[in-house]
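Following: one structure in structure tokens, then a few remarks.
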Amino acid sequence: MRRIQVENRNLNVCYLATYKSFQQYRNIDTFRLEVLCKNPHLKLIFENSVPAFEHPLTISQVSFSNKSTVEDHMLMCGDAAGMIHPMCGNGMAMAIHSAKIASELIIDHFNKKIRSRQELEAAYSQAWNATFKTRITTGRILQPFFGKDGLTRAIMYGVTHIPAVLPVIIRHTHGKPLKLTTV
Ligand SMILES: Cc1cc2nc3c(=O)[nH]c(=O)nc-3n(C[C@H](O)[C@H](O)[C@H](O)COP(=O)(O)OP(=O)(O)OC[C@H]3O[C@@H](n4cnc5c(N)ncnc54)[C@H](O)[C@@H]3O)c2cc1C
């Protein structure tokens, strides 16, 4: 569960639910009342705020499984190449970063520094793996900890009581700042 203040001082409340846990409540309103409002902090927010949208925005069938960096000779960027669990990674930055890697290699291909399409695809896969593989793998290892009550508590206890843990997790799930070059 994340609560982030966005533009106009609005509060963005975002959560992930498994199909299994959601199934028994059937709709978002009941799920919010029966599950989310068990948390007194969230209850306070839900009871004292006015929704900015008429309906909540939802997506379903999110897949964190392995994907290919190249499909049918197309270079895959962002979530299409691999999605990191939202609780541990910054997927938007990864999408922008992978597009930057692809763009720079395509320019190299047009400038004949990379001679063939095959070489371009191999270079992209190599660069993508070097940049994101560890982050995706760490995310995949951490993923089961989120959503399971006991495990989530254990990890929250760890990060609050052993301050050295959180920077290690962040180092392994978040990249370094992007260096921008002008073309
Ligand atoms: C619940 C949740 C919370 C998240 N929270 C954060 C966060 O706080 N911070 C963060 O950095 N990341 C977060 N992420 C991850 C982040 O949203 C994604 O990693 C990022 O948006 C990926 O960008 P993308 O361009 O690859 O894909 P998307 O943003 O999904 O863009 C793909 C676009 O393609 C369109 N599309 C799909 N199929 C077609 C088609 N056939 N023809 C034309 N258009 C099509 C879609 O409608 C969509 O607009 C979160 C993800 C989830 C699920």
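Letters for chains follow the order of the structure tokens (A, B, ...), residue numbers begin at 1 for each chain, and ligand numbers begin at 1 in the order shown.
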>> Can you pull out every residue with an atom within 7 Å of ligand 1? Use only C-alpha atoms and all ligand atoms and format it as a PyMOL selection string.
In response: chain A and resi 14-16+59+62+77-80+83-84+86+89-95
For those residues, write N, CA and C atoms to a file as a PDB file, in the first residue's frame.
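Dumped everything to part04.pdb:
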ATOM      1  N   CYS A  14      -2.608   3.853  -3.572  1.00  0.00           N
ATOM      2  CA  CYS A  14      -2.452   2.786  -4.558  1.00  0.00           C
ATOM      3  C   CYS A  14      -2.205   1.466  -3.842  1.00  0.00           C
ATOM      4  N   TYR A  15      -2.929   0.430  -4.203  1.00  0.00           N
ATOM      5  CA  TYR A  15      -2.680  -0.869  -3.556  1.00  0.00           C
ATOM      6  C   TYR A  15      -2.803  -2.005  -4.552  1.00  0.00           C
ATOM      7  N   LEU A  16      -2.146  -3.105  -4.186  1.00  0.00           N
ATOM      8  CA  LEU A  16      -2.198  -4.321  -4.995  1.00  0.00           C
ATOM      9  C   LEU A  16      -2.985  -5.375  -4.216  1.00  0.00           C
ATOM     10  N   ILE A  59      -6.168  -1.782 -12.731  1.00  0.00           N
ATOM     11  CA  ILE A  59      -5.681  -2.678 -13.787  1.00  0.00           C
ATOM     12  C   ILE A  59      -5.659  -4.081 -13.195  1.00  0.00           C
ATOM     13  N   VAL A  62      -1.664  -8.312 -13.736  1.00  0.00           N
ATOM     14  CA  VAL A  62      -0.291  -7.816 -13.810  1.00  0.00           C
ATOM     15  C   VAL A  62       0.640  -9.016 -13.719  1.00  0.00           C
ATOM     16  N   CYS A  77      10.799  -2.394 -24.424  1.00  0.00           N
ATOM     17  CA  CYS A  77      11.194  -1.421 -23.390  1.00  0.00           C
ATOM     18  C   CYS A  77      10.173  -1.475 -22.246  1.00  0.00           C
ATOM     19  N   GLY A  78      10.559  -0.938 -21.105  1.00  0.00           N
ATOM     20  CA  GLY A  78       9.630  -0.804 -19.980  1.00  0.00           C
ATOM     21  C   GLY A  78       9.070  -2.139 -19.508  1.00  0.00           C
ATOM     22  N   ASP A  79       7.812  -2.108 -19.102  1.00  0.00           N
ATOM     23  CA  ASP A  79       7.170  -3.314 -18.572  1.00  0.00           C
ATOM     24  C   ASP A  79       7.136  -4.439 -19.606  1.00  0.00           C
ATOM     25  N   ALA A  80       7.165  -4.094 -20.892  1.00  0.00           N
ATOM     26  CA  ALA A  80       7.107  -5.121 -21.932  1.00  0.00           C
ATOM     27  C   ALA A  80       8.344  -6.019 -21.875  1.00  0.00           C
ATOM     28  N   MET A  83       8.843  -6.558 -15.697  1.00  0.00           N
ATOM     29  CA  MET A  83       8.208  -5.648 -14.741  1.00  0.00           C
ATOM     30  C   MET A  83       8.683  -5.951 -13.326  1.00  0.00           C
ATOM     31  N   ILE A  84       9.123  -4.919 -12.641  1.00  0.00           N
ATOM     32  CA  ILE A  84       9.564  -5.081 -11.261  1.00  0.00           C
ATOM     33  C   ILE A  84       8.371  -4.846 -10.339  1.00  0.00           C
ATOM     34  N   PRO A  86       5.979  -3.248  -7.967  1.00  0.00           N
ATOM     35  CA  PRO A  86       5.879  -1.809  -7.644  1.00  0.00           C
ATOM     36  C   PRO A  86       6.321  -1.466  -6.225  1.00  0.00           C
ATOM     37  N   GLY A  89      10.481  -1.448  -6.712  1.00  0.00           N
ATOM     38  CA  GLY A  89      11.257  -0.824  -7.777  1.00  0.00           C
ATOM     39  C   GLY A  89      10.605   0.421  -8.294  1.00  0.00           C
ATOM     40  N   ASN A  90      11.344   1.167  -9.101  1.00  0.00           N
ATOM     41  CA  ASN A  90      10.746   2.343  -9.726  1.00  0.00           C
ATOM     42  C   ASN A  90      10.578   2.072 -11.225  1.00  0.00           C
ATOM     43  N   GLY A  91       9.480   1.403 -11.524  1.00  0.00           N
ATOM     44  CA  GLY A  91       9.215   0.932 -12.879  1.00  0.00           C
ATOM     45  C   GLY A  91       9.167   2.035 -13.924  1.00  0.00           C
ATOM     46  N   MET A  92       8.701   3.237 -13.528  1.00  0.00           N
ATOM     47  CA  MET A  92       8.620   4.326 -14.512  1.00  0.00           C
ATOM     48  C   MET A  92      10.022   4.726 -14.961  1.00  0.00           C
ATOM     49  N   ALA A  93      10.955   4.793 -13.991  1.00  0.00           N
ATOM     50  CA  ALA A  93      12.339   5.141 -14.326  1.00  0.00           C
ATOM     51  C   ALA A  93      12.947   4.049 -15.207  1.00  0.00           C
ATOM     52  N   MET A  94      12.597   2.792 -14.920  1.00  0.00           N
ATOM     53  CA  MET A  94      13.129   1.692 -15.730  1.00  0.00           C
ATOM     54  C   MET A  94      12.621   1.774 -17.167  1.00  0.00           C
ATOM     55  N   ALA A  95      11.346   2.186 -17.302  1.00  0.00           N
ATOM     56  CA  ALA A  95      10.775   2.308 -18.649  1.00  0.00           C
ATOM     57  C   ALA A  95      11.514   3.396 -19.439  1.00  0.00           C
TER      58      ALA A  95
END
> DSSP on the backbone: what in region 23-178 of chain A comes out strand (DSSP E or B), as a VMD selection string?
Replying inline: chain A and resid 70 to 71 74 to 75
Please save all heavy atoms of the selected residues as a PDB file, in the first residue's frame.
ATOM      1  N   VAL A  70      13.796  -8.994 -26.572  1.00  0.00           N
ATOM      2  CA  VAL A  70      13.551  -8.846 -28.018  1.00  0.00           C
ATOM      3  C   VAL A  70      12.488  -9.870 -28.422  1.00  0.00           C
ATOM      4  O   VAL A  70      12.591 -11.039 -28.079  1.00  0.00           O
ATOM      5  CB  VAL A  70      14.856  -9.107 -28.829  1.00  0.00           C
ATOM      6  CG1 VAL A  70      14.602  -8.949 -30.323  1.00  0.00           C
ATOM      7  CG2 VAL A  70      15.982  -8.178 -28.386  1.00  0.00           C
ATOM      8  N   GLU A  71      11.448  -9.388 -29.081  1.00  0.00           N
ATOM      9  CA  GLU A  71      10.371 -10.271 -29.550  1.00  0.00           C
ATOM     10  C   GLU A  71      10.173 -10.026 -31.033  1.00  0.00           C
ATOM     11  O   GLU A  71       9.933  -8.880 -31.427  1.00  0.00           O
ATOM     12  CB  GLU A  71       9.040  -9.910 -28.887  1.00  0.00           C
ATOM     13  CG  GLU A  71       8.707 -10.480 -27.536  1.00  0.00           C
ATOM     14  CD  GLU A  71       8.472 -11.976 -27.459  1.00  0.00           C
ATOM     15  OE1 GLU A  71       8.006 -12.597 -28.440  1.00  0.00           O
ATOM     16  OE2 GLU A  71       8.768 -12.494 -26.390  1.00  0.00           O
ATOM     17  N   MET A  74      11.732  -7.133 -32.380  1.00  0.00           N
ATOM     18  CA  MET A  74      11.398  -5.809 -31.810  1.00  0.00           C
ATOM     19  C   MET A  74      12.074  -5.671 -30.454  1.00  0.00           C
ATOM     20  O   MET A  74      12.035  -6.612 -29.651  1.00  0.00           O
ATOM     21  CB  MET A  74       9.885  -5.662 -31.630  1.00  0.00           C
ATOM     22  CG  MET A  74       9.155  -5.462 -32.925  1.00  0.00           C
ATOM     23  SD  MET A  74       7.381  -5.295 -32.634  1.00  0.00           S
ATOM     24  CE  MET A  74       6.874  -6.980 -32.450  1.00  0.00           C
ATOM     25  N   LEU A  75      12.666  -4.503 -30.202  1.00  0.00           N
ATOM     26  CA  LEU A  75      13.308  -4.273 -28.908  1.00  0.00           C
ATOM     27  C   LEU A  75      12.215  -3.895 -27.911  1.00  0.00           C
ATOM     28  O   LEU A  75      11.437  -2.973 -28.149  1.00  0.00           O
ATOM     29  CB  LEU A  75      14.341  -3.138 -28.998  1.00  0.00           C
ATOM     30  CG  LEU A  75      15.382  -3.219 -30.128  1.00  0.00           C
ATOM     31  CD1 LEU A  75      16.381  -2.074 -30.009  1.00  0.00           C
ATOM     32  CD2 LEU A  75      16.106  -4.561 -30.131  1.00  0.00           C
TER      33      LEU A  75
END
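One finds CA of Glu121 (chain A) at 7.2 Å from CA of His73 (chain A).
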>> So that I can check the surroundings of Ala52 (chain A), please list as a VMD selection string every protein, DNA and RNA residue that reaches within 8 Å of it, counting only C-alpha atoms and ignoring chain neighbours fewer than 2 positions away.
In response: chain A and resid 10 50 54
Can you write just those residues out, N, CA and C atoms, as an mmCIF file, in the first residue's frame?
data_model
loop_
_atom_site.group_PDB
_atom_site.id
_atom_site.type_symbol
_atom_site.label_atom_id
_atom_site.label_comp_id
_atom_site.auth_asym_id
_atom_site.auth_seq_id
_atom_site.Cartn_x
_atom_site.Cartn_y
_atom_site.Cartn_z
ATOM 1 N N ASN A 10 -3.378 16.528 -3.923
ATOM 2 C CA ASN A 10 -4.189 15.309 -3.872
ATOM 3 C C ASN A 10 -3.348 14.175 -3.313
ATOM 4 N N VAL A 50 -12.429 13.116 -0.184
ATOM 5 C CA VAL A 50 -13.400 13.090 -1.280
ATOM 6 C C VAL A 50 -12.660 12.570 -2.511
ATOM 7 N N GLU A 54 -14.419 9.798 -10.402
ATOM 8 C CA GLU A 54 -15.737 9.193 -10.166
ATOM 9 C C GLU A 54 -15.589 7.726 -9.739
#
> DSSP says helix (DSSP H, G or I) for which residues of region 36-71 of chain A? Put them as a list in words?
Replying inline: Leu36, Cys37, Lys38, Pro40, His41, Leu42, Lys43, Leu44, Ile45, Phe46 and Glu47 of chain A
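Nearest to Gln61 (chain A) of all the residues A:Leu120, A:Leu166, A:Ala17, A:Ile155 is A:Ala17, based on only C-alpha atoms.
Counting only C-alpha atoms and comparing A:Ser60, A:Asn111, A:Ser125, A:Thr30, the residue that lies closest to Gly82 (chain A) is A:Ser125.
Checking A:Tyr19, A:Phe110, A:Phe64, A:Tyr25 one by one against Thr137 (chain A), counting only C-alpha atoms, you find the shortest gap at A:Phe64.
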> Which residue gives the smallest distance to His97 (chain A) among A:Ser65, A:Gln118, A:Thr18, A:Thr131, with only C-alpha atoms counted?
Replying inline: A:Thr131
> Quick one: residues within 12 Å of Val35 (chain A), only C-alpha atoms counted, chain neighbours fewer than 4 positions away excluded, as a PyMOL selection string?
Replying inline: chain A and resi 15+17+21-22+24-25+27-31+39-40+42-43
